[in-house]
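Shown next: run.pdb, containing PDB, C-alpha atoms and all ligand atoms.
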```pdb
ATOM      1  CA  MET A   1      69.963 216.425  46.261
ATOM      2  CA  ALA A   2      68.126 214.969  49.262
ATOM      3  CA  GLU A   3      65.659 212.200  48.594
ATOM      4  CA  THR A   4      63.257 210.842  51.110
ATOM      5  CA  PRO A   5      63.458 207.097  50.626
ATOM      6  CA  SER A   6      60.034 205.519  50.524
ATOM      7  CA  LEU A   7      59.994 202.077  52.090
ATOM      8  CA  ALA A   8      56.864 200.862  50.312
ATOM      9  CA  ARG A   9      55.301 201.903  47.020
ATOM     10  CA  GLN A  10      52.169 200.397  45.528
ATOM     11  CA  LEU A  11      52.642 199.269  41.914
ATOM     12  CA  GLU A  12      49.364 197.414  41.318
ATOM     13  CA  GLU A  13      46.201 196.721  43.280
ATOM     14  CA  ASP A  14      47.823 193.618  44.827
ATOM     15  CA  LEU A  15      51.516 194.475  44.493
ATOM     16  CA  TRP A  16      53.983 196.597  46.468
ATOM     17  CA  ILE A  17      57.677 197.195  46.016
ATOM     18  CA  LEU A  18      59.538 197.311  49.328
ATOM     19  CA  ASP A  19      62.944 198.972  49.615
ATOM     20  CA  THR A  20      65.378 197.276  52.012
ATOM     21  CA  LEU A  21      67.726 200.305  51.918
ATOM     22  CA  PHE A  22      70.753 198.044  51.580
ATOM     23  CA  GLN A  23      73.849 199.863  52.864
ATOM     24  CA  ASP A  24      71.545 202.830  53.517
ATOM     25  CA  GLU A  25      71.083 203.319  49.778
ATOM     26  CA  PRO A  26      67.570 203.506  48.353
ATOM     27  CA  GLY A  27      66.803 201.723  45.120
ATOM     28  CA  VAL A  28      69.396 198.917  45.311
ATOM     29  CA  ILE A  29      67.722 195.802  46.805
ATOM     30  CA  ALA A  30      63.958 195.315  46.652
ATOM     31  CA  SER A  31      61.491 192.796  47.933
ATOM     32  CA  TYR A  32      57.992 192.538  46.438
ATOM     33  CA  LEU A  33      54.836 192.112  48.498
ATOM     34  CA  LEU A  34      51.784 190.413  47.001
ATOM     35  CA  THR A  35      48.373 190.525  48.662
ATOM     36  CA  GLY A  36      45.168 188.563  48.171
ATOM     37  CA  PRO A  37      43.031 185.648  49.310
ATOM     38  CA  ASN A  38      45.826 183.057  49.118
ATOM     39  CA  GLY A  39      47.905 184.909  51.665
ATOM     40  CA  LEU A  40      50.563 187.609  51.758
ATOM     41  CA  ALA A  41      53.752 186.740  49.882
ATOM     42  CA  LEU A  42      57.203 188.239  49.476
ATOM     43  CA  VAL A  43      59.298 187.645  46.374
ATOM     44  CA  ASP A  44      62.937 187.740  47.532
ATOM     45  CA  VAL A  45      63.712 189.087  50.972
ATOM     46  CA  GLY A  46      67.093 190.830  50.792
ATOM     47  CA  SER A  47      70.056 190.713  53.134
ATOM     48  CA  GLY A  48      70.045 189.390  56.689
ATOM     49  CA  ALA A  49      71.303 192.837  57.710
ATOM     50  CA  THR A  50      68.124 194.638  56.592
ATOM     51  CA  ILE A  51      65.416 192.537  58.284
ATOM     52  CA  GLU A  52      64.154 195.423  60.446
ATOM     53  CA  THR A  53      63.853 197.682  57.401
ATOM     54  CA  LEU A  54      61.935 195.010  55.519
ATOM     55  CA  LEU A  55      59.541 194.481  58.444
ATOM     56  CA  ASN A  56      59.012 198.253  58.613
ATOM     57  CA  ALA A  57      58.398 198.393  54.888
ATOM     58  CA  ILE A  58      55.692 195.720  55.210
ATOM     59  CA  ARG A  59      54.066 197.757  57.997
ATOM     60  CA  THR A  60      54.357 200.932  55.917
ATOM     61  CA  SER A  61      52.323 199.208  53.201
ATOM     62  CA  GLY A  62      49.598 198.660  55.802
ATOM     63  CA  HIS A  63      50.228 194.954  56.362
ATOM     64  CA  ASP A  64      51.277 192.847  59.333
ATOM     65  CA  PRO A  65      54.535 190.896  58.876
ATOM     66  CA  ALA A  66      53.091 188.101  61.051
ATOM     67  CA  GLU A  67      50.465 187.543  58.335
ATOM     68  CA  VAL A  68      53.016 186.736  55.603
ATOM     69  CA  LYS A  69      52.495 183.157  54.424
ATOM     70  CA  HIS A  70      54.882 182.702  51.490
ATOM     71  CA  LEU A  71      58.510 183.647  50.850
ATOM     72  CA  LEU A  72      59.303 183.081  47.165
ATOM     73  CA  ILE A  73      63.064 182.998  46.613
ATOM     74  CA  THR A  74      64.519 183.405  43.101
ATOM     75  CA  HIS A  75      67.984 182.189  44.116
ATOM     76  CA  VAL A  76      69.952 181.713  47.313
ATOM     77  CA  HIS A  77      72.495 184.543  46.975
ATOM     78  CA  MET A  78      72.663 186.589  50.165
ATOM     79  CA  ASP A  79      71.105 189.729  48.672
ATOM     80  CA  HIS A  80      67.955 187.716  47.820
ATOM     81  CA  ALA A  81      67.654 184.965  50.420
ATOM     82  CA  GLY A  82      69.889 186.186  53.265
ATOM     83  CA  ALA A  83      66.957 187.212  55.470
ATOM     84  CA  ALA A  84      64.757 184.154  54.841
ATOM     85  CA  GLY A  85      65.680 182.026  57.869
ATOM     86  CA  ALA A  86      65.577 184.890  60.371
ATOM     87  CA  LEU A  87      62.273 186.200  58.991
ATOM     88  CA  LEU A  88      60.545 182.934  59.893
ATOM     89  CA  ALA A  89      60.757 183.949  63.559
ATOM     90  CA  HIS A  90      58.608 186.999  62.705
ATOM     91  CA  MET A  91      56.347 185.096  60.308
ATOM     92  CA  PRO A  92      55.034 182.004  62.098
ATOM     93  CA  GLN A  93      52.816 180.962  59.171
ATOM     94  CA  ALA A  94      55.391 181.398  56.433
ATOM     95  CA  THR A  95      56.831 178.790  54.073
ATOM     96  CA  VAL A  96      59.924 179.336  51.907
ATOM     97  CA  TYR A  97      59.941 178.369  48.200
ATOM     98  CA  VAL A  98      63.241 177.629  46.467
ATOM     99  CA  HIS A  99      64.619 175.579  43.575
ATOM    100  CA  ARG A 100      65.741 172.018  44.330
ATOM    101  CA  ILE A 101      69.430 172.826  43.751
ATOM    102  CA  GLY A 102      69.333 175.853  46.071
ATOM    103  CA  ALA A 103      67.405 174.191  48.892
ATOM    104  CA  PRO A 104      70.374 172.523  50.680
ATOM    105  CA  HIS A 105      71.991 175.975  51.059
ATOM    106  CA  LEU A 106      68.968 177.354  52.894
ATOM    107  CA  ILE A 107      68.726 174.308  55.158
ATOM    108  CA  ASP A 108      72.433 174.660  55.959
ATOM    109  CA  PRO A 109      73.819 178.070  54.917
ATOM    110  CA  SER A 110      77.316 177.381  56.284
ATOM    111  CA  LYS A 111      78.886 176.875  52.831
ATOM    112  CA  LEU A 112      77.303 180.070  51.484
ATOM    113  CA  VAL A 113      78.411 182.017  54.538
ATOM    114  CA  LYS A 114      81.945 180.639  54.319
ATOM    115  CA  SER A 115      82.403 181.540  50.671
ATOM    116  CA  ALA A 116      80.926 185.011  51.264
ATOM    117  CA  ALA A 117      83.239 185.512  54.247
ATOM    118  CA  ARG A 118      86.202 184.825  51.972
ATOM    119  CA  ILE A 119      85.121 187.752  49.774
ATOM    120  CA  TYR A 120      83.764 190.193  52.365
ATOM    121  CA  GLY A 121      86.011 189.499  55.379
ATOM    122  CA  ASP A 122      85.245 191.814  58.282
ATOM    123  CA  GLN A 123      82.456 193.516  56.293
ATOM    124  CA  MET A 124      80.432 190.297  56.476
ATOM    125  CA  GLU A 125      78.262 191.243  59.442
ATOM    126  CA  ARG A 126      77.577 194.801  58.280
ATOM    127  CA  LEU A 127      76.550 193.688  54.771
ATOM    128  CA  TRP A 128      74.780 190.408  55.409
ATOM    129  CA  GLY A 129      74.007 190.117  59.121
ATOM    130  CA  HIS A 130      73.433 186.518  60.190
ATOM    131  CA  MET A 131      72.100 184.010  57.700
ATOM    132  CA  GLU A 132      69.859 181.712  59.737
ATOM    133  CA  PRO A 133      68.986 178.228  58.480
ATOM    134  CA  VAL A 134      65.507 177.457  57.143
ATOM    135  CA  PRO A 135      64.054 174.314  58.789
ATOM    136  CA  GLU A 136      63.353 171.646  56.201
ATOM    137  CA  ASP A 137      59.690 171.384  57.177
ATOM    138  CA  ARG A 138      59.162 175.049  56.285
ATOM    139  CA  LEU A 139      60.587 174.667  52.796
ATOM    140  CA  ILE A 140      58.819 173.924  49.522
ATOM    141  CA  ILE A 141      61.118 172.595  46.833
ATOM    142  CA  LEU A 142      60.528 173.866  43.291
ATOM    143  CA  ASP A 143      61.228 172.427  39.888
ATOM    144  CA  ASP A 144      60.658 173.690  36.378
ATOM    145  CA  THR A 145      57.104 172.350  36.264
ATOM    146  CA  SER A 146      56.021 173.774  39.633
ATOM    147  CA  GLU A 147      53.125 176.177  40.045
ATOM    148  CA  VAL A 148      52.741 178.450  43.032
ATOM    149  CA  THR A 149      49.546 180.257  44.057
ATOM    150  CA  VAL A 150      49.951 183.197  46.463
ATOM    151  CA  GLY A 151      48.111 186.466  47.006
ATOM    152  CA  GLU A 152      45.761 186.545  44.043
ATOM    153  CA  ARG A 153      48.219 185.255  41.475
ATOM    154  CA  THR A 154      49.354 181.897  40.171
ATOM    155  CA  PHE A 155      52.950 181.633  39.041
ATOM    156  CA  ALA A 156      54.615 179.177  36.723
ATOM    157  CA  VAL A 157      58.129 178.515  38.009
ATOM    158  CA  LEU A 158      60.692 179.068  35.243
ATOM    159  CA  TYR A 159      64.045 177.409  35.753
ATOM    160  CA  THR A 160      66.405 180.105  34.456
ATOM    161  CA  PRO A 161      70.081 179.303  35.099
ATOM    162  CA  GLY A 162      73.024 181.391  33.881
ATOM    163  CA  HIS A 163      73.468 183.816  36.793
ATOM    164  CA  ALA A 164      73.043 180.981  39.275
ATOM    165  CA  ILE A 165      72.585 177.276  38.633
ATOM    166  CA  HIS A 166      69.556 177.140  40.979
ATOM    167  CA  HIS A 167      67.830 180.296  39.673
ATOM    168  CA  VAL A 168      64.085 180.490  39.060
ATOM    169  CA  ALA A 169      61.815 183.282  37.851
ATOM    170  CA  TYR A 170      58.113 183.494  38.724
ATOM    171  CA  TYR A 171      55.849 183.960  35.703
ATOM    172  CA  ASP A 172      52.326 185.272  36.115
ATOM    173  CA  ARG A 173      50.652 184.524  32.780
ATOM    174  CA  ARG A 174      47.444 186.422  33.520
ATOM    175  CA  HIS A 175      49.273 189.725  34.086
ATOM    176  CA  ALA A 176      52.049 188.883  31.581
ATOM    177  CA  ALA A 177      54.449 189.706  34.407
ATOM    178  CA  VAL A 178      57.670 188.071  35.549
ATOM    179  CA  PHE A 179      59.419 188.388  38.893
ATOM    180  CA  THR A 180      62.802 187.895  37.347
ATOM    181  CA  GLY A 181      65.372 187.656  40.116
ATOM    182  CA  ASP A 182      68.780 188.423  38.610
ATOM    183  CA  VAL A 183      68.360 186.573  35.296
ATOM    184  CA  ALA A 184      67.093 189.857  33.784
ATOM    185  CA  GLY A 185      70.108 191.786  35.066
ATOM    186  CA  VAL A 186      70.372 194.997  37.069
ATOM    187  CA  ARG A 187      68.646 198.195  35.955
ATOM    188  CA  LEU A 188      68.252 200.864  38.588
ATOM    189  CA  GLU A 189      65.427 203.372  38.528
ATOM    190  CA  GLY A 190      66.024 206.498  36.503
ATOM    191  CA  VAL A 191      68.792 204.871  34.438
ATOM    192  CA  ASP A 192      68.164 203.069  31.154
ATOM    193  CA  TYR A 193      71.198 200.821  31.499
ATOM    194  CA  VAL A 194      71.185 197.058  32.063
ATOM    195  CA  ARG A 195      74.244 195.754  33.893
ATOM    196  CA  PRO A 196      74.910 192.009  33.943
ATOM    197  CA  PRO A 197      75.519 190.624  37.433
ATOM    198  CA  THR A 198      78.105 187.915  36.685
ATOM    199  CA  PRO A 199      79.522 186.514  39.940
ATOM    200  CA  PRO A 200      81.315 183.187  40.332
ATOM    201  CA  PRO A 201      80.878 180.276  40.555
ATOM    202  CA  ASP A 202      77.847 179.607  38.320
ATOM    203  CA  LEU A 203      78.138 182.184  35.513
ATOM    204  CA  ASP A 204      77.381 180.387  32.265
ATOM    205  CA  LEU A 205      76.760 182.471  29.131
ATOM    206  CA  GLU A 206      75.160 179.633  27.145
ATOM    207  CA  GLN A 207      72.702 178.855  29.920
ATOM    208  CA  TRP A 208      72.027 182.532  30.477
ATOM    209  CA  SER A 209      71.341 183.156  26.767
ATOM    210  CA  ALA A 210      68.877 180.278  26.747
ATOM    211  CA  SER A 211      67.164 181.735  29.819
ATOM    212  CA  ILE A 212      66.979 185.150  28.119
ATOM    213  CA  GLU A 213      65.409 183.548  25.026
ATOM    214  CA  ARG A 214      62.909 181.834  27.267
ATOM    215  CA  LEU A 215      61.944 185.136  28.887
ATOM    216  CA  LYS A 216      61.787 186.869  25.493
ATOM    217  CA  ALA A 217      59.342 184.277  24.164
ATOM    218  CA  LEU A 218      56.879 185.256  26.917
ATOM    219  CA  ARG A 219      56.541 188.791  25.493
ATOM    220  CA  ALA A 220      55.974 189.967  29.039
ATOM    221  CA  ARG A 221      54.379 193.320  29.770
ATOM    222  CA  SER A 222      56.396 193.818  32.927
ATOM    223  CA  PHE A 223      59.452 192.524  34.696
ATOM    224  CA  TYR A 224      59.912 193.128  38.402
ATOM    225  CA  LEU A 225      63.619 193.374  39.186
ATOM    226  CA  PRO A 226      65.115 192.966  42.659
ATOM    227  CA  HIS A 227      67.728 195.543  41.513
ATOM    228  CA  PHE A 228      65.456 197.548  41.066
ATOM    229  CA  GLY A 229      61.818 198.062  40.260
ATOM    230  CA  PRO A 230      59.490 197.463  37.324
ATOM    231  CA  VAL A 231      60.626 197.334  33.701
ATOM    232  CA  TYR A 232      58.071 197.763  30.904
ATOM    233  CA  ASN A 233      60.263 197.714  27.771
ATOM    234  CA  THR A 234      60.996 194.063  28.413
ATOM    235  CA  GLN A 235      62.205 193.013  24.950
ATOM    236  CA  ASP A 236      64.695 195.877  24.516
ATOM    237  CA  HIS A 237      65.807 195.318  28.084
ATOM    238  CA  LEU A 238      66.673 191.668  27.376
ATOM    239  CA  THR A 239      68.451 192.538  24.129
ATOM    240  CA  GLN A 240      70.570 195.075  25.987
ATOM    241  CA  LEU A 241      71.385 192.491  28.678
ATOM    242  CA  ARG A 242      72.386 189.801  26.209
ATOM    243  CA  ASP A 243      74.527 192.161  24.115
ATOM    244  CA  ARG A 244      76.321 193.426  27.194
ATOM    245  CA  LEU A 245      76.942 189.942  28.641
ATOM    246  CA  TYR A 246      78.861 189.085  25.474
ATOM    247  CA  ALA A 247      80.527 192.490  25.073
ATOM    248  CA  TRP A 248      81.870 192.121  28.612
ATOM    249  CA  GLY A 249      82.897 188.568  27.772
ATOM    250  CA  ASP A 250      84.965 189.766  24.793
ATOM    251  CA  LEU A 251      86.582 192.398  26.982
ATOM    252  CA  MET A 252      87.430 189.834  29.665
ATOM    253  CA  ILE A 253      88.888 187.414  27.103
ATOM    254  CA  ALA A 254      91.154 190.185  25.821
ATOM    255  CA  GLY A 255      92.274 191.013  29.375
ATOM    256  CA  MET A 256      92.791 187.380  30.330
ATOM    257  CA  ARG A 257      94.933 186.776  27.253
ATOM    258  CA  GLU A 258      97.171 189.562  28.598
ATOM    259  CA  GLU A 259      97.175 187.706  31.931
ATOM    260  CA  LYS A 260      95.606 190.557  33.868
ATOM    261  CA  ASP A 261      94.483 189.729  37.398
ATOM    262  CA  ASP A 262      90.932 190.106  38.745
ATOM    263  CA  HIS A 263      91.443 193.681  39.928
ATOM    264  CA  ALA A 264      92.856 194.768  36.567
ATOM    265  CA  LEU A 265      89.961 193.045  34.785
ATOM    266  CA  ALA A 266      87.480 194.778  37.096
ATOM    267  CA  ALA A 267      89.105 198.110  36.224
ATOM    268  CA  MET A 268      88.578 197.313  32.523
ATOM    269  CA  LEU A 269      84.877 196.726  33.153
ATOM    270  CA  ALA A 270      84.574 199.951  35.135
ATOM    271  CA  GLU A 271      86.338 201.932  32.433
ATOM    272  CA  ALA A 272      84.033 200.581  29.766
ATOM    273  CA  SER A 273      80.809 200.665  31.735
ATOM    274  CA  ASP A 274      80.751 203.659  34.095
ATOM    275  CA  PRO A 275      80.702 206.244  31.270
ATOM    276  CA  GLN A 276      77.804 204.331  29.678
ATOM    277  CA  VAL A 277      75.889 204.353  32.965
ATOM    278  CA  ALA A 278      76.592 208.070  33.346
ATOM    279  CA  GLN A 279      75.222 208.755  29.880
ATOM    280  CA  MET A 280      71.944 206.982  30.616
ATOM    281  CA  VAL A 281      71.034 208.749  33.877
ATOM    282  CA  VAL A 282      67.841 210.689  33.226
ATOM    283  CA  ASP A 283      68.608 213.386  35.831
ATOM    284  CA  ARG A 284      71.697 215.066  34.358
ATOM    285  CA  SER A 285      73.020 216.600  37.599
ATOM    286  CA  PRO A 286      76.539 215.470  38.603
ATOM    287  CA  GLU A 287      75.178 214.303  41.984
ATOM    288  CA  ALA A 288      72.577 212.071  40.362
ATOM    289  CA  ILE A 289      75.168 210.596  38.020
ATOM    290  CA  ALA A 290      77.633 209.876  40.856
ATOM    291  CA  THR A 291      74.841 208.314  42.915
ATOM    292  CA  ALA A 292      73.793 206.083  40.032
ATOM    293  CA  VAL A 293      77.345 204.840  39.423
ATOM    294  CA  LEU A 294      77.717 204.101  43.151
ATOM    295  CA  ARG A 295      74.406 202.230  43.419
ATOM    296  CA  TYR A 296      75.138 200.002  40.423
ATOM    297  CA  GLU A 297      78.412 199.068  42.051
ATOM    298  CA  ILE A 298      76.643 198.228  45.344
ATOM    299  CA  ALA A 299      74.034 196.148  43.511
ATOM    300  CA  THR A 300      76.625 194.151  41.531
ATOM    301  CA  ASN A 301      80.302 194.984  41.796
ATOM    302  CA  TYR A 302      82.918 194.822  39.030
ATOM    303  CA  LEU A 303      85.367 192.690  40.981
ATOM    304  CA  MET A 304      82.865 189.859  41.402
ATOM    305  CA  SER A 305      81.846 190.210  37.768
ATOM    306  CA  ALA A 306      85.468 189.902  36.624
ATOM    307  CA  GLN A 307      85.948 186.863  38.869
ATOM    308  CA  GLY A 308      82.807 185.294  37.406
ATOM    309  CA  TYR A 309      84.094 185.618  33.842
ATOM    310  CA  MET A 310      87.557 184.369  34.856
ATOM    311  CA  ARG A 311      86.111 181.196  36.290
ATOM    312  CA  TYR A 312      83.684 180.732  33.382
ATOM    313  CA  TYR A 313      86.315 181.000  30.637
ATOM    314  CA  THR A 314      88.994 179.098  32.523
ATOM    315  CA  LYS A 315      86.676 176.206  33.332
ATOM    316  CA  LEU A 316      84.321 176.049  30.347
ATOM    317  CA  HIS A 317      86.150 177.740  27.461
ATOM    318  CA  PRO A 318      89.920 177.464  27.913
ATOM    319  CA  GLU A 319      90.156 177.437  24.084
ATOM    320  CA  ALA A 320      88.981 181.086  24.019
ATOM    321  CA  LEU A 321      92.056 182.091  26.017
ATOM    322  CA  ALA A 322      94.633 180.396  23.782
TER
HETATM  323 ZN    ZN B 401      71.251 190.042  43.239
END
```

For this file, write the structure as structure tokens.
Amino acid sequence: MAETPSLARQLEEDLWILDTLFQDEPGVIASYLLTGPNGLALVDVGSGATIETLLNAIRTSGHDPAEVKHLLITHVHMDHAGAAGALLAHMPQATVYVHRIGAPHLIDPSKLVKSAARIYGDQMERLWGHMEPVPEDRLIILDDTSEVTVGERTFAVLYTPGHAIHHVAYYDRRHAAVFTGDVAGVRLEGVDYVRPPTPPPDLDLEQWSASIERLKALRARSFYLPHFGPVYNTQDHLTQLRDRLYAWGDLMIAGMREEKDDHALAAMLAEASDPQVAQMVVDRSPEAIATAVLRYEIATNYLMSAQGYMRYYTKLHPEALA
């Protein structure tokens, strides 16, 4: 089944979803473009390897990348912030917004790059390109009480740790909309399945549950997910995420008690989860199902998820493993 990937799709009068075509797959890593009198803004910018695609997507939406004034980052993982530093060369007026705890990693990405290189080895360049530093004078540091006005929207910054210790979501009260980053999990288009992205080193189920409760209390009409697209059944979506975070946790505890290694634990997650994904693909063709399973794995892979739980339980709940 051939699809023509669309780089830019208008969701609202002032809002576009841009597809970065990460690893040549549509529908895995998005950026959002906001327009309006306070200047063009992007929410998350994807990998350093997909900068040209992102610039093309902005042009496809009818806008000039050089006019972008604000880069709102939800967290500094490479699939969200990887392109930020390099984009500044194409966006002379742009400022980058990031939580206080994440800011040092944008100013000096060497630690992020080093830890990613340990995982990705010689795939580093292909997946992530070069992560350029963001000069300090082009950075705006956010805290939980910050407000940000871009395009024609004002956002309250919600500190929402659990997936990452420096994670924020951007809440637009007037539209009852939240640009969630990864705190609302991964739900690809055409599949009603929420997969928890649980990488090391920050995974914290207590923090994440509290962040989910915080999002639930907003009764939002829409979530905009980087992986991938808008979600309108926000309450059910969050319930599914929370239930699965803990179901996976129980599974990982059982595996860790049997002293399985990370690869064996990842296989347990795949065995439990892939059939559930397959069941929830709207298009029932075998090709569509295989594509969905593949794209979830690209968006958030099982091995990293298993490693996240291993670190979380070993460090924070050794009693659960006894
Ligand atoms: Zn992500």

Note to self: At a cut-off of 8 Å and counting only C-alpha atoms and all ligand atoms, what residues surround ligand ZN 401 (chain B)? Please answer as a PyMOL selection string.
What the structure shows: chain A and resi 29+77-80+181-182+186+197+226-227+299-300

Next item on the list: Just give me the gap between atom CA of A:Leu72 and atom CA of A:His166 in Å, one decimal is fine.
Entry: 13.4 Å

Item checked: Given the PyMOL selection byres (((chain A and resi 40) around 8) and not hetatm), the residues it picks as a list in words -> Leu33, Leu34, Thr35, Gly36, Asn38, Gly39, Ala41, Leu42, Glu67, Val68, Lys69, His70, Val150 and Gly151 of chain A

Margin query: Report, in Å with one decimal, the straight-line distance from atom CA of A:Arg295 to atom CA of A:Gln207.
Written below: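 Here the two named atoms are 27.0 Å from each other.
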
Next item on the list: I need the residue set behind the PyMOL selection byres (((chain A and resi 97) around 10) and not hetatm) for this file; please write it as a count of residues only.
Entry: 22

Notebook entry, point to check: How far is it from atom CA of A:Pro133 to atom CA of A:His105, in Å with one decimal?
Noted result: 8.3 Å

Notebook entry, point to check: Between A:Glu206, A:Glu259, A:Glu297, A:Glu132, which one has atoms that come closest to A:Leu88, using all atoms listed in the file?
Noted result: A:Glu132

Using the incomplete input, complete stretch 7-14 of chain A to the level of all heavy atoms; output as a PDB file, keeping the file's coordinate frame.
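part-v9.pdb, freshly written:
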```pdb
ATOM      1  N   LEU A   7      59.793 203.501  51.800  1.00  0.00           N
ATOM      2  CA  LEU A   7      59.994 202.077  52.090  1.00  0.00           C
ATOM      3  C   LEU A   7      59.062 201.190  51.288  1.00  0.00           C
ATOM      4  O   LEU A   7      59.408 200.064  50.954  1.00  0.00           O
ATOM      5  CB  LEU A   7      59.767 201.811  53.585  1.00  0.00           C
ATOM      6  CG  LEU A   7      60.842 202.305  54.546  1.00  0.00           C
ATOM      7  CD1 LEU A   7      60.467 201.967  55.981  1.00  0.00           C
ATOM      8  CD2 LEU A   7      62.193 201.692  54.202  1.00  0.00           C
ATOM      9  N   ALA A   8      57.858 201.687  51.005  1.00  0.00           N
ATOM     10  CA  ALA A   8      56.864 200.862  50.312  1.00  0.00           C
ATOM     11  C   ALA A   8      56.125 201.711  49.293  1.00  0.00           C
ATOM     12  O   ALA A   8      55.704 202.825  49.589  1.00  0.00           O
ATOM     13  CB  ALA A   8      55.880 200.277  51.314  1.00  0.00           C
ATOM     14  N   ARG A   9      56.004 201.177  48.086  1.00  0.00           N
ATOM     15  CA  ARG A   9      55.301 201.903  47.020  1.00  0.00           C
ATOM     16  C   ARG A   9      54.378 200.914  46.317  1.00  0.00           C
ATOM     17  O   ARG A   9      54.798 199.814  45.957  1.00  0.00           O
ATOM     18  CB  ARG A   9      56.342 202.435  46.044  1.00  0.00           C
ATOM     19  CG  ARG A   9      55.835 203.455  45.065  1.00  0.00           C
ATOM     20  CD  ARG A   9      57.017 204.110  44.342  1.00  0.00           C
ATOM     21  NE  ARG A   9      57.357 203.373  43.137  1.00  0.00           N
ATOM     22  CZ  ARG A   9      58.584 203.015  42.785  1.00  0.00           C
ATOM     23  NH1 ARG A   9      59.623 203.298  43.538  1.00  0.00           N
ATOM     24  NH2 ARG A   9      58.784 202.358  41.668  1.00  0.00           N
ATOM     25  N   GLN A  10      53.125 201.303  46.151  1.00  0.00           N
ATOM     26  CA  GLN A  10      52.169 200.397  45.528  1.00  0.00           C
ATOM     27  C   GLN A  10      52.304 200.481  44.010  1.00  0.00           C
ATOM     28  O   GLN A  10      52.256 201.564  43.432  1.00  0.00           O
ATOM     29  CB  GLN A  10      50.744 200.748  45.957  1.00  0.00           C
ATOM     30  CG  GLN A  10      49.744 199.671  45.567  1.00  0.00           C
ATOM     31  CD  GLN A  10      48.431 199.784  46.326  1.00  0.00           C
ATOM     32  OE1 GLN A  10      48.130 200.828  46.891  1.00  0.00           O
ATOM     33  NE2 GLN A  10      47.657 198.707  46.332  1.00  0.00           N
ATOM     34  N   LEU A  11      52.474 199.307  43.370  1.00  0.00           N
ATOM     35  CA  LEU A  11      52.642 199.269  41.914  1.00  0.00           C
ATOM     36  C   LEU A  11      51.359 198.835  41.219  1.00  0.00           C
ATOM     37  O   LEU A  11      51.075 199.260  40.100  1.00  0.00           O
ATOM     38  CB  LEU A  11      53.759 198.289  41.537  1.00  0.00           C
ATOM     39  CG  LEU A  11      55.154 198.588  42.087  1.00  0.00           C
ATOM     40  CD1 LEU A  11      56.103 197.444  41.757  1.00  0.00           C
ATOM     41  CD2 LEU A  11      55.692 199.905  41.529  1.00  0.00           C
ATOM     42  N   GLU A  12      50.634 197.925  41.845  1.00  0.00           N
ATOM     43  CA  GLU A  12      49.364 197.414  41.318  1.00  0.00           C
ATOM     44  C   GLU A  12      48.445 197.243  42.523  1.00  0.00           C
ATOM     45  O   GLU A  12      48.887 197.284  43.668  1.00  0.00           O
ATOM     46  CB  GLU A  12      49.559 196.048  40.621  1.00  0.00           C
ATOM     47  CG  GLU A  12      50.580 196.018  39.488  1.00  0.00           C
ATOM     48  CD  GLU A  12      50.034 196.561  38.174  1.00  0.00           C
ATOM     49  OE1 GLU A  12      48.794 196.634  38.027  1.00  0.00           O
ATOM     50  OE2 GLU A  12      50.853 196.942  37.316  1.00  0.00           O
ATOM     51  N   GLU A  13      47.187 196.978  42.217  1.00  0.00           N
ATOM     52  CA  GLU A  13      46.201 196.721  43.280  1.00  0.00           C
ATOM     53  C   GLU A  13      46.736 195.744  44.348  1.00  0.00           C
ATOM     54  O   GLU A  13      46.575 195.970  45.546  1.00  0.00           O
ATOM     55  CB  GLU A  13      44.954 196.127  42.596  1.00  0.00           C
ATOM     56  CG  GLU A  13      43.775 195.869  43.500  1.00  0.00           C
ATOM     57  CD  GLU A  13      43.024 197.146  43.853  1.00  0.00           C
ATOM     58  OE1 GLU A  13      42.997 198.065  43.004  1.00  0.00           O
ATOM     59  OE2 GLU A  13      42.493 197.219  44.975  1.00  0.00           O
ATOM     60  N   ASP A  14      47.396 194.690  43.910  1.00  0.00           N
ATOM     61  CA  ASP A  14      47.823 193.618  44.827  1.00  0.00           C
ATOM     62  C   ASP A  14      49.338 193.532  44.964  1.00  0.00           C
ATOM     63  O   ASP A  14      49.862 192.503  45.385  1.00  0.00           O
ATOM     64  CB  ASP A  14      47.316 192.263  44.305  1.00  0.00           C
ATOM     65  CG  ASP A  14      48.006 191.872  42.995  1.00  0.00           C
ATOM     66  OD1 ASP A  14      48.369 192.788  42.222  1.00  0.00           O
ATOM     67  OD2 ASP A  14      48.216 190.674  42.754  1.00  0.00           O
TER      68      ASP A  14
END
```
